[in-house]
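Structure data follow from final36.cif (mmCIF, N, CA and C atoms):
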```cif
data_data
loop_
_atom_site.label_atom_id
_atom_site.label_comp_id
_atom_site.auth_asym_id
_atom_site.auth_seq_id
_atom_site.Cartn_x
_atom_site.Cartn_y
_atom_site.Cartn_z
N MET Q 1 234.13 112.19 -157.01
CA MET Q 1 235.49 111.91 -156.57
C MET Q 1 235.45 110.59 -155.82
N ASP Q 2 236.35 109.70 -156.19
CA ASP Q 2 236.44 108.44 -155.46
C ASP Q 2 237.56 108.52 -154.42
N GLU Q 3 237.73 107.45 -153.64
CA GLU Q 3 238.69 107.46 -152.54
C GLU Q 3 240.12 107.67 -153.04
N THR Q 4 240.47 107.09 -154.16
CA THR Q 4 241.82 107.26 -154.71
C THR Q 4 242.09 108.71 -155.05
N GLU Q 5 241.15 109.37 -155.71
CA GLU Q 5 241.32 110.78 -156.07
C GLU Q 5 241.43 111.66 -154.82
N PHE Q 6 240.64 111.34 -153.80
CA PHE Q 6 240.70 112.09 -152.55
C PHE Q 6 242.11 112.04 -151.97
N TRP Q 7 242.66 110.83 -151.87
CA TRP Q 7 243.98 110.68 -151.27
C TRP Q 7 245.07 111.28 -152.14
N GLU Q 8 244.88 111.26 -153.45
CA GLU Q 8 245.85 111.91 -154.34
C GLU Q 8 245.89 113.42 -154.08
N LEU Q 9 244.72 114.01 -153.84
CA LEU Q 9 244.68 115.44 -153.52
C LEU Q 9 245.39 115.73 -152.20
N VAL Q 10 245.11 114.93 -151.20
CA VAL Q 10 245.74 115.12 -149.89
C VAL Q 10 247.25 114.94 -150.01
N ASP Q 11 247.67 113.87 -150.69
CA ASP Q 11 249.11 113.61 -150.85
C ASP Q 11 249.79 114.72 -151.65
N GLY Q 12 249.13 115.18 -152.71
CA GLY Q 12 249.70 116.26 -153.52
C GLY Q 12 249.87 117.55 -152.72
N ALA Q 13 248.89 117.85 -151.89
CA ALA Q 13 248.99 119.06 -151.05
C ALA Q 13 250.13 118.92 -150.05
N ARG Q 14 250.28 117.74 -149.47
CA ARG Q 14 251.36 117.52 -148.50
C ARG Q 14 252.71 117.61 -149.18
N GLU Q 15 252.85 117.00 -150.35
CA GLU Q 15 254.12 117.05 -151.09
C GLU Q 15 254.46 118.48 -151.49
N GLY Q 16 253.45 119.22 -151.96
CA GLY Q 16 253.67 120.61 -152.36
C GLY Q 16 254.11 121.48 -151.19
N ALA Q 17 253.67 121.10 -149.99
CA ALA Q 17 254.04 121.85 -148.78
C ALA Q 17 255.29 121.27 -148.14
N GLU Q 18 255.91 120.30 -148.82
CA GLU Q 18 257.12 119.64 -148.31
C GLU Q 18 256.93 119.14 -146.89
N GLY Q 19 255.73 118.57 -146.61
CA GLY Q 19 255.45 117.97 -145.31
C GLY Q 19 255.09 118.95 -144.21
N ASP Q 20 255.13 120.24 -144.48
CA ASP Q 20 254.81 121.24 -143.45
C ASP Q 20 253.29 121.40 -143.36
N PRO Q 21 252.66 120.90 -142.27
CA PRO Q 21 251.21 120.96 -142.20
C PRO Q 21 250.66 122.38 -142.19
N GLU Q 22 251.43 123.33 -141.67
CA GLU Q 22 250.95 124.71 -141.66
C GLU Q 22 250.90 125.27 -143.07
N GLU Q 23 251.89 124.93 -143.89
CA GLU Q 23 251.90 125.37 -145.28
C GLU Q 23 250.79 124.65 -146.05
N GLN Q 24 250.56 123.40 -145.71
CA GLN Q 24 249.52 122.62 -146.37
C GLN Q 24 248.15 123.23 -146.09
N ALA Q 25 247.99 123.79 -144.92
CA ALA Q 25 246.73 124.42 -144.54
C ALA Q 25 246.70 125.85 -145.04
N ARG Q 26 246.41 126.05 -146.31
CA ARG Q 26 246.44 127.38 -146.91
C ARG Q 26 245.49 128.34 -146.19
N TYR Q 27 244.55 127.78 -145.52
CA TYR Q 27 243.58 128.58 -144.77
C TYR Q 27 244.30 129.51 -143.78
N ASN Q 28 245.30 128.99 -143.06
CA ASN Q 28 246.02 129.82 -142.09
C ASN Q 28 246.90 130.87 -142.76
N ARG Q 29 247.40 130.60 -143.95
CA ARG Q 29 248.21 131.59 -144.67
C ARG Q 29 247.41 132.83 -144.99
N ALA Q 30 246.12 132.68 -145.09
CA ALA Q 30 245.25 133.79 -145.46
C ALA Q 30 244.76 134.57 -144.24
N TYR Q 31 245.29 134.27 -143.07
CA TYR Q 31 244.85 134.95 -141.85
C TYR Q 31 245.69 136.21 -141.64
N THR Q 32 245.38 137.25 -142.43
CA THR Q 32 246.10 138.51 -142.36
C THR Q 32 245.12 139.66 -142.20
N TRP Q 33 245.61 140.74 -141.58
CA TRP Q 33 244.77 141.93 -141.42
C TRP Q 33 244.38 142.51 -142.78
N ASP Q 34 245.33 142.53 -143.71
CA ASP Q 34 245.02 143.12 -145.03
C ASP Q 34 243.92 142.35 -145.74
N LEU Q 35 243.99 141.02 -145.69
CA LEU Q 35 242.95 140.24 -146.36
C LEU Q 35 241.62 140.42 -145.64
N TRP Q 36 241.65 140.53 -144.33
CA TRP Q 36 240.41 140.77 -143.59
C TRP Q 36 239.83 142.12 -143.98
N GLY Q 37 240.68 143.12 -144.15
CA GLY Q 37 240.21 144.43 -144.59
C GLY Q 37 239.57 144.36 -145.97
N ALA Q 38 240.18 143.59 -146.86
CA ALA Q 38 239.62 143.42 -148.21
C ALA Q 38 238.25 142.73 -148.12
N ALA Q 39 238.16 141.70 -147.28
CA ALA Q 39 236.88 141.02 -147.09
C ALA Q 39 235.84 141.99 -146.53
N TRP Q 40 236.27 142.87 -145.63
CA TRP Q 40 235.36 143.85 -145.04
C TRP Q 40 234.77 144.75 -146.11
N VAL Q 41 235.62 145.19 -147.05
CA VAL Q 41 235.14 146.04 -148.14
C VAL Q 41 234.20 145.25 -149.05
N LEU Q 42 234.62 144.04 -149.43
CA LEU Q 42 233.81 143.24 -150.35
C LEU Q 42 232.45 142.86 -149.77
N LEU Q 43 232.44 142.51 -148.49
CA LEU Q 43 231.22 141.99 -147.86
C LEU Q 43 230.43 143.06 -147.11
N ASP Q 44 230.93 144.29 -147.15
CA ASP Q 44 230.31 145.37 -146.39
C ASP Q 44 230.26 145.02 -144.91
N GLY Q 45 231.43 144.54 -144.42
CA GLY Q 45 231.58 144.12 -143.03
C GLY Q 45 231.91 142.64 -142.98
N ALA Q 46 232.73 142.24 -142.01
CA ALA Q 46 233.10 140.83 -141.90
C ALA Q 46 233.48 140.51 -140.46
N SER Q 47 232.60 139.80 -139.78
CA SER Q 47 232.88 139.34 -138.42
C SER Q 47 233.98 138.28 -138.45
N ASP Q 48 234.40 137.80 -137.28
CA ASP Q 48 235.39 136.72 -137.22
C ASP Q 48 234.93 135.52 -138.06
N ASP Q 49 233.69 135.09 -137.84
CA ASP Q 49 233.17 133.93 -138.58
C ASP Q 49 233.08 134.22 -140.07
N ALA Q 50 232.60 135.41 -140.42
CA ALA Q 50 232.48 135.76 -141.84
C ALA Q 50 233.85 135.75 -142.51
N PHE Q 51 234.89 136.21 -141.81
CA PHE Q 51 236.23 136.18 -142.38
C PHE Q 51 236.73 134.75 -142.52
N ASP Q 52 236.42 133.89 -141.55
CA ASP Q 52 236.77 132.47 -141.68
C ASP Q 52 236.14 131.88 -142.94
N PHE Q 53 234.86 132.14 -143.13
CA PHE Q 53 234.15 131.60 -144.29
C PHE Q 53 234.64 132.23 -145.59
N PHE Q 54 235.04 133.50 -145.53
CA PHE Q 54 235.59 134.18 -146.70
C PHE Q 54 236.89 133.49 -147.14
N ARG Q 55 237.74 133.14 -146.17
CA ARG Q 55 238.99 132.47 -146.51
C ARG Q 55 238.74 131.12 -147.15
N CYS Q 56 237.74 130.39 -146.68
CA CYS Q 56 237.38 129.12 -147.33
C CYS Q 56 236.91 129.38 -148.76
N TRP Q 57 236.08 130.39 -148.92
CA TRP Q 57 235.58 130.75 -150.24
C TRP Q 57 236.73 131.13 -151.17
N LEU Q 58 237.68 131.89 -150.65
CA LEU Q 58 238.82 132.34 -151.45
C LEU Q 58 239.61 131.15 -151.96
N ILE Q 59 239.84 130.16 -151.13
CA ILE Q 59 240.53 128.94 -151.56
C ILE Q 59 239.75 128.28 -152.69
N GLY Q 60 238.44 128.27 -152.55
CA GLY Q 60 237.59 127.67 -153.58
C GLY Q 60 237.60 128.39 -154.90
N GLN Q 61 238.11 129.61 -154.95
CA GLN Q 61 238.17 130.37 -156.20
C GLN Q 61 239.35 129.97 -157.07
N GLY Q 62 240.21 129.13 -156.53
CA GLY Q 62 241.35 128.65 -157.30
C GLY Q 62 242.64 129.37 -156.95
N ARG Q 63 243.71 128.81 -157.47
CA ARG Q 63 245.05 129.27 -157.09
C ARG Q 63 245.31 130.73 -157.44
N GLU Q 64 244.95 131.16 -158.64
CA GLU Q 64 245.27 132.52 -159.07
C GLU Q 64 244.60 133.56 -158.16
N VAL Q 65 243.33 133.36 -157.89
CA VAL Q 65 242.60 134.32 -157.05
C VAL Q 65 243.11 134.23 -155.61
N TYR Q 66 243.29 133.00 -155.11
CA TYR Q 66 243.76 132.83 -153.73
C TYR Q 66 245.13 133.47 -153.53
N GLU Q 67 246.10 133.09 -154.35
CA GLU Q 67 247.46 133.62 -154.19
C GLU Q 67 247.49 135.13 -154.40
N GLY Q 68 246.75 135.61 -155.40
CA GLY Q 68 246.68 137.05 -155.63
C GLY Q 68 246.12 137.78 -154.44
N GLY Q 69 245.04 137.24 -153.86
CA GLY Q 69 244.42 137.87 -152.71
C GLY Q 69 245.29 137.85 -151.46
N VAL Q 70 246.02 136.76 -151.27
CA VAL Q 70 246.90 136.66 -150.10
C VAL Q 70 248.08 137.62 -150.23
N HIS Q 71 248.65 137.70 -151.42
CA HIS Q 71 249.85 138.54 -151.62
C HIS Q 71 249.51 140.02 -151.78
N ASP Q 72 248.36 140.32 -152.36
CA ASP Q 72 247.96 141.72 -152.56
C ASP Q 72 246.43 141.77 -152.52
N PRO Q 73 245.85 141.87 -151.32
CA PRO Q 73 244.39 141.83 -151.21
C PRO Q 73 243.66 142.83 -152.10
N ASP Q 74 244.24 143.99 -152.35
CA ASP Q 74 243.58 144.97 -153.21
C ASP Q 74 243.45 144.47 -154.65
N SER Q 75 244.30 143.50 -155.03
CA SER Q 75 244.23 142.94 -156.39
C SER Q 75 242.95 142.14 -156.62
N LEU Q 76 242.23 141.82 -155.56
CA LEU Q 76 240.96 141.11 -155.74
C LEU Q 76 239.99 141.92 -156.59
N ALA Q 77 240.16 143.24 -156.60
CA ALA Q 77 239.32 144.09 -157.46
C ALA Q 77 239.48 143.71 -158.92
N ASP Q 78 240.67 143.28 -159.31
CA ASP Q 78 240.94 142.88 -160.69
C ASP Q 78 240.70 141.39 -160.91
N LEU Q 79 240.89 140.58 -159.87
CA LEU Q 79 240.83 139.13 -160.00
C LEU Q 79 239.40 138.57 -159.96
N LEU Q 80 238.49 139.29 -159.34
CA LEU Q 80 237.11 138.82 -159.22
C LEU Q 80 236.27 139.44 -160.31
N ASP Q 81 235.98 138.66 -161.36
CA ASP Q 81 235.19 139.19 -162.47
C ASP Q 81 233.80 139.61 -162.00
N ASP Q 82 233.11 138.69 -161.40
CA ASP Q 82 231.77 138.96 -160.87
C ASP Q 82 231.80 138.68 -159.39
N PHE Q 83 231.32 139.61 -158.60
CA PHE Q 83 231.24 139.40 -157.16
C PHE Q 83 229.96 140.03 -156.66
N ASP Q 84 229.14 139.24 -156.01
CA ASP Q 84 227.89 139.72 -155.43
C ASP Q 84 227.92 139.37 -153.95
N GLU Q 85 227.97 140.37 -153.09
CA GLU Q 85 228.12 140.12 -151.65
C GLU Q 85 226.97 139.28 -151.10
N GLU Q 86 225.85 139.21 -151.80
CA GLU Q 86 224.73 138.38 -151.35
C GLU Q 86 225.01 136.89 -151.55
N PHE Q 87 225.82 136.56 -152.57
CA PHE Q 87 226.02 135.16 -152.91
C PHE Q 87 227.47 134.70 -152.80
N ASP Q 88 228.40 135.62 -152.95
CA ASP Q 88 229.81 135.26 -152.95
C ASP Q 88 230.47 135.59 -151.62
N GLY Q 89 231.62 135.02 -151.40
CA GLY Q 89 232.41 135.35 -150.23
C GLY Q 89 232.15 134.47 -149.02
N ASP Q 90 231.22 133.53 -149.11
CA ASP Q 90 230.90 132.67 -147.97
C ASP Q 90 231.13 131.22 -148.36
N GLY Q 91 232.26 130.68 -147.92
CA GLY Q 91 232.60 129.29 -148.22
C GLY Q 91 232.52 128.39 -147.01
N GLU Q 92 231.54 128.64 -146.13
CA GLU Q 92 231.44 127.83 -144.91
C GLU Q 92 231.39 126.35 -145.23
N GLU Q 93 230.56 125.96 -146.18
CA GLU Q 93 230.43 124.54 -146.51
C GLU Q 93 231.72 123.96 -147.07
N LEU Q 94 232.46 124.78 -147.81
CA LEU Q 94 233.74 124.32 -148.34
C LEU Q 94 234.71 123.98 -147.22
N GLY Q 95 234.61 124.70 -146.10
CA GLY Q 95 235.46 124.44 -144.96
C GLY Q 95 235.26 123.05 -144.36
N TYR Q 96 234.09 122.49 -144.59
CA TYR Q 96 233.79 121.16 -144.05
C TYR Q 96 233.91 120.06 -145.11
N ALA Q 97 234.21 120.42 -146.33
CA ALA Q 97 234.18 119.47 -147.44
C ALA Q 97 235.13 118.29 -147.26
N ALA Q 98 236.35 118.56 -146.83
CA ALA Q 98 237.32 117.45 -146.69
C ALA Q 98 236.87 116.45 -145.63
N ASP Q 99 236.41 116.95 -144.49
CA ASP Q 99 235.94 116.05 -143.44
C ASP Q 99 234.74 115.23 -143.90
N GLU Q 100 233.81 115.89 -144.58
CA GLU Q 100 232.62 115.19 -145.06
C GLU Q 100 232.97 114.17 -146.14
N ALA Q 101 233.89 114.53 -147.04
CA ALA Q 101 234.31 113.59 -148.07
C ALA Q 101 234.98 112.37 -147.44
N TYR Q 102 235.84 112.60 -146.47
CA TYR Q 102 236.52 111.50 -145.79
C TYR Q 102 235.51 110.57 -145.13
N GLU Q 103 234.53 111.15 -144.42
CA GLU Q 103 233.53 110.34 -143.75
C GLU Q 103 232.69 109.55 -144.74
N GLN Q 104 232.35 110.17 -145.87
CA GLN Q 104 231.56 109.45 -146.89
C GLN Q 104 232.35 108.31 -147.51
N LEU Q 105 233.64 108.54 -147.72
CA LEU Q 105 234.46 107.53 -148.37
C LEU Q 105 234.86 106.39 -147.44
N THR Q 106 235.08 106.70 -146.17
CA THR Q 106 235.61 105.69 -145.25
C THR Q 106 234.60 105.21 -144.22
N GLY Q 107 233.55 106.00 -143.99
CA GLY Q 107 232.59 105.65 -142.97
C GLY Q 107 233.07 105.97 -141.56
N THR Q 108 234.20 106.65 -141.44
CA THR Q 108 234.73 107.02 -140.13
C THR Q 108 235.02 108.52 -140.09
N VAL Q 109 235.15 109.02 -138.89
CA VAL Q 109 235.45 110.44 -138.71
C VAL Q 109 236.89 110.69 -139.13
N ALA Q 110 237.12 111.80 -139.80
CA ALA Q 110 238.46 112.16 -140.29
C ALA Q 110 239.42 112.30 -139.10
N PRO Q 111 240.64 111.79 -139.24
CA PRO Q 111 241.61 111.92 -138.16
C PRO Q 111 242.14 113.34 -138.07
N ASP Q 112 242.67 113.67 -136.91
CA ASP Q 112 243.32 114.97 -136.73
C ASP Q 112 244.60 114.97 -137.54
N LEU Q 113 244.76 115.95 -138.42
CA LEU Q 113 245.93 115.99 -139.29
C LEU Q 113 247.10 116.74 -138.67
N GLY Q 114 246.91 117.25 -137.47
CA GLY Q 114 248.00 117.95 -136.82
C GLY Q 114 248.24 119.35 -137.36
N ILE Q 115 247.24 119.90 -138.02
CA ILE Q 115 247.38 121.25 -138.57
C ILE Q 115 247.25 122.24 -137.42
N PRO Q 116 248.23 123.12 -137.26
CA PRO Q 116 248.17 124.05 -136.15
C PRO Q 116 247.01 125.03 -136.30
N PRO Q 117 246.46 125.47 -135.18
CA PRO Q 117 245.39 126.47 -135.25
C PRO Q 117 245.94 127.79 -135.76
N ALA Q 118 245.02 128.64 -136.18
CA ALA Q 118 245.43 129.98 -136.62
C ALA Q 118 246.08 130.70 -135.44
N PRO Q 119 246.99 131.62 -135.73
CA PRO Q 119 247.58 132.40 -134.64
C PRO Q 119 246.49 133.20 -133.92
N PRO Q 120 246.78 133.65 -132.71
CA PRO Q 120 245.76 134.40 -131.97
C PRO Q 120 245.35 135.71 -132.65
N GLU Q 121 246.24 136.30 -133.41
CA GLU Q 121 245.96 137.54 -134.14
C GLU Q 121 246.39 137.36 -135.59
N PRO Q 122 245.68 138.00 -136.52
CA PRO Q 122 246.11 137.94 -137.92
C PRO Q 122 247.51 138.53 -138.09
N GLU Q 123 248.20 138.11 -139.13
CA GLU Q 123 249.52 138.65 -139.46
C GLU Q 123 249.37 140.05 -140.02
N GLY Q 124 250.39 140.87 -139.81
CA GLY Q 124 250.42 142.20 -140.39
C GLY Q 124 249.96 143.29 -139.44
N THR Q 125 249.71 144.44 -140.04
CA THR Q 125 249.30 145.63 -139.29
C THR Q 125 247.78 145.68 -139.20
N PRO Q 126 247.23 145.85 -138.00
CA PRO Q 126 245.76 145.91 -137.85
C PRO Q 126 245.15 147.02 -138.73
N VAL Q 127 243.93 146.77 -139.13
CA VAL Q 127 243.18 147.70 -139.98
C VAL Q 127 241.97 148.19 -139.17
N ASP Q 128 241.72 149.49 -139.20
CA ASP Q 128 240.53 150.06 -138.55
C ASP Q 128 239.36 149.88 -139.53
N PHE Q 129 238.63 148.79 -139.36
CA PHE Q 129 237.55 148.46 -140.29
C PHE Q 129 236.42 149.48 -140.28
N GLU Q 130 236.26 150.21 -139.21
CA GLU Q 130 235.16 151.17 -139.09
C GLU Q 130 235.49 152.52 -139.71
N ASN Q 131 236.73 152.72 -140.18
CA ASN Q 131 237.15 154.00 -140.72
C ASN Q 131 237.18 153.92 -142.26
N ALA Q 132 236.17 154.50 -142.89
CA ALA Q 132 236.04 154.43 -144.35
C ALA Q 132 237.26 155.04 -145.05
N ARG Q 133 237.80 156.13 -144.53
CA ARG Q 133 238.96 156.77 -145.15
C ARG Q 133 240.15 155.81 -145.15
N VAL Q 134 240.39 155.13 -144.03
CA VAL Q 134 241.50 154.18 -143.92
C VAL Q 134 241.31 153.04 -144.93
N LEU Q 135 240.09 152.51 -145.01
CA LEU Q 135 239.83 151.42 -145.95
C LEU Q 135 240.03 151.88 -147.40
N ALA Q 136 239.55 153.07 -147.72
CA ALA Q 136 239.70 153.59 -149.08
C ALA Q 136 241.17 153.80 -149.44
N GLU Q 137 241.97 154.24 -148.48
CA GLU Q 137 243.40 154.44 -148.74
C GLU Q 137 244.16 153.13 -148.84
N ARG Q 138 243.81 152.18 -148.00
CA ARG Q 138 244.54 150.91 -147.96
C ARG Q 138 244.15 149.98 -149.10
N PHE Q 139 242.90 150.09 -149.56
CA PHE Q 139 242.39 149.22 -150.62
C PHE Q 139 241.73 150.06 -151.71
N PRO Q 140 242.51 150.89 -152.41
CA PRO Q 140 241.91 151.85 -153.35
C PRO Q 140 241.13 151.20 -154.49
N LYS Q 141 241.65 150.12 -155.06
CA LYS Q 141 240.94 149.48 -156.19
C LYS Q 141 239.65 148.82 -155.72
N LEU Q 142 239.71 148.12 -154.60
CA LEU Q 142 238.50 147.49 -154.06
C LEU Q 142 237.47 148.55 -153.69
N TRP Q 143 237.93 149.63 -153.05
CA TRP Q 143 237.01 150.67 -152.63
C TRP Q 143 236.33 151.31 -153.84
N GLU Q 144 237.11 151.59 -154.87
CA GLU Q 144 236.54 152.22 -156.06
C GLU Q 144 235.52 151.32 -156.73
N ARG Q 145 235.84 150.04 -156.83
CA ARG Q 145 234.95 149.12 -157.55
C ARG Q 145 233.72 148.72 -156.74
N PHE Q 146 233.86 148.52 -155.44
CA PHE Q 146 232.78 147.96 -154.66
C PHE Q 146 232.08 148.93 -153.72
N LYS Q 147 232.58 150.13 -153.55
CA LYS Q 147 231.95 151.07 -152.64
C LYS Q 147 231.35 152.29 -153.31
N ASP Q 148 231.50 152.42 -154.61
CA ASP Q 148 230.89 153.57 -155.30
C ASP Q 148 229.46 153.32 -155.65
#
```
Translate this structure into structure tokens?
Amino acid sequence: MDETEFWELVDGAREGAEGDPEEQARYNRAYTWDLWGAAWVLLDGASDDAFDFFRCWLIGQGREVYEGGVHDPDSLADLLDDFDEEFDGDGEELGYAADEAYEQLTGTVAPDLGIPPAPPEPEGTPVDFENARVLAERFPKLWERFKD
């Protein structure tokens, strides 16, 4: 990717979000209790950091998987053809990709884009991650596919 392609991606994301930096930051849209519960089932547990890295990984899976997972986390059971908790679900490096690309292309540290931080709590109704029955009821397809 050259500098022109990088800026085209940034500009396209901003235009698609109609200038709203929070919408542009799809990472924050994925900060929900339901998605965290789905990550918990997929990864056999997910700390705060693991959920952060999972959201980066989810973005890296492309629009269909990302949007499907955000709108209906249980649908990830159908959207993820192959998933291995040892190798998948951790997109930590992807979370740093834009900053690193900017630094490589410009030789300077990426500027602050004004993207608001995640809310203090995920959106939605909290999930009791330690209760297998609750997880199985809330995410039946994921539970059936990944916990049997």
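With distances taken over all atoms listed in the file, Q:Thr32 is the one residue among Q:Glu8, Q:Ala110, Q:Phe146, Q:Thr32 lying closest to Pro122 (chain Q).
This file, filtered with the PyMOL selection byres (((chain Q and resi 36 and name CA) around 10) and name CA), gives the residues Ala30, Tyr31, Thr32, Trp33, Asp34, Leu35, Gly37, Ala38, Ala39, Trp40, Val41, Leu42, Gly45, Ala46, Ser47, Asp48, Ala50, Phe51, Asp52, Phe54, Arg55, Pro73, Pro122, Pro126, Val127 and Phe129 of chain Q.
Nearest-residue note for Trp57 (chain Q): choosing from Q:Asp44, Q:Glu123, Q:Asp84, Q:Asp90, the minimum distance belongs to Q:Asp90, counting all atoms listed in the file.
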Could you pull the residues within 8 Å of Pro140 (chain Q), counting only N, CA and C atoms, minus those fewer than 5 positions along the same chain, as a PDB file with N, CA and C atoms, in the coordinates of the input?
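Once written, around_28.pdb looks like this:
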```pdb
ATOM      1  N   ASP Q  74     244.240 143.990-152.350  1.00  0.00           N
ATOM      2  CA  ASP Q  74     243.580 144.970-153.210  1.00  0.00           C
ATOM      3  C   ASP Q  74     243.450 144.470-154.650  1.00  0.00           C
ATOM      4  N   ALA Q  77     240.160 143.240-156.600  1.00  0.00           N
ATOM      5  CA  ALA Q  77     239.320 144.090-157.460  1.00  0.00           C
ATOM      6  C   ALA Q  77     239.480 143.710-158.920  1.00  0.00           C
ATOM      7  N   VAL Q 134     240.390 155.130-144.030  1.00  0.00           N
ATOM      8  CA  VAL Q 134     241.500 154.180-143.920  1.00  0.00           C
ATOM      9  C   VAL Q 134     241.310 153.040-144.930  1.00  0.00           C
ATOM     10  N   LEU Q 135     240.090 152.510-145.010  1.00  0.00           N
ATOM     11  CA  LEU Q 135     239.830 151.420-145.950  1.00  0.00           C
ATOM     12  C   LEU Q 135     240.030 151.880-147.400  1.00  0.00           C
ATOM     13  N   ARG Q 145     235.840 150.040-156.830  1.00  0.00           N
ATOM     14  CA  ARG Q 145     234.950 149.120-157.550  1.00  0.00           C
ATOM     15  C   ARG Q 145     233.720 148.720-156.740  1.00  0.00           C
ATOM     16  N   PHE Q 146     233.860 148.520-155.440  1.00  0.00           N
ATOM     17  CA  PHE Q 146     232.780 147.960-154.660  1.00  0.00           C
ATOM     18  C   PHE Q 146     232.080 148.930-153.720  1.00  0.00           C
TER      19      PHE Q 146
END
```
TODO: Measure the distance from atom C of Ala98 (chain Q) to atom C of Pro119 (chain Q) in Å and round it to one decimal.
DONE: 22.6 Å
- [ ] Given the file shown, determine the residues that the PyMOL selection byres (((chain Q and resi 80 and name CA) around 12) and name CA) selects; report them as a ChimeraX atom specification.
- [x] /Q:42,58,61-62,64-66,68-69,73-79,81-85,88-89,141-142,145-146
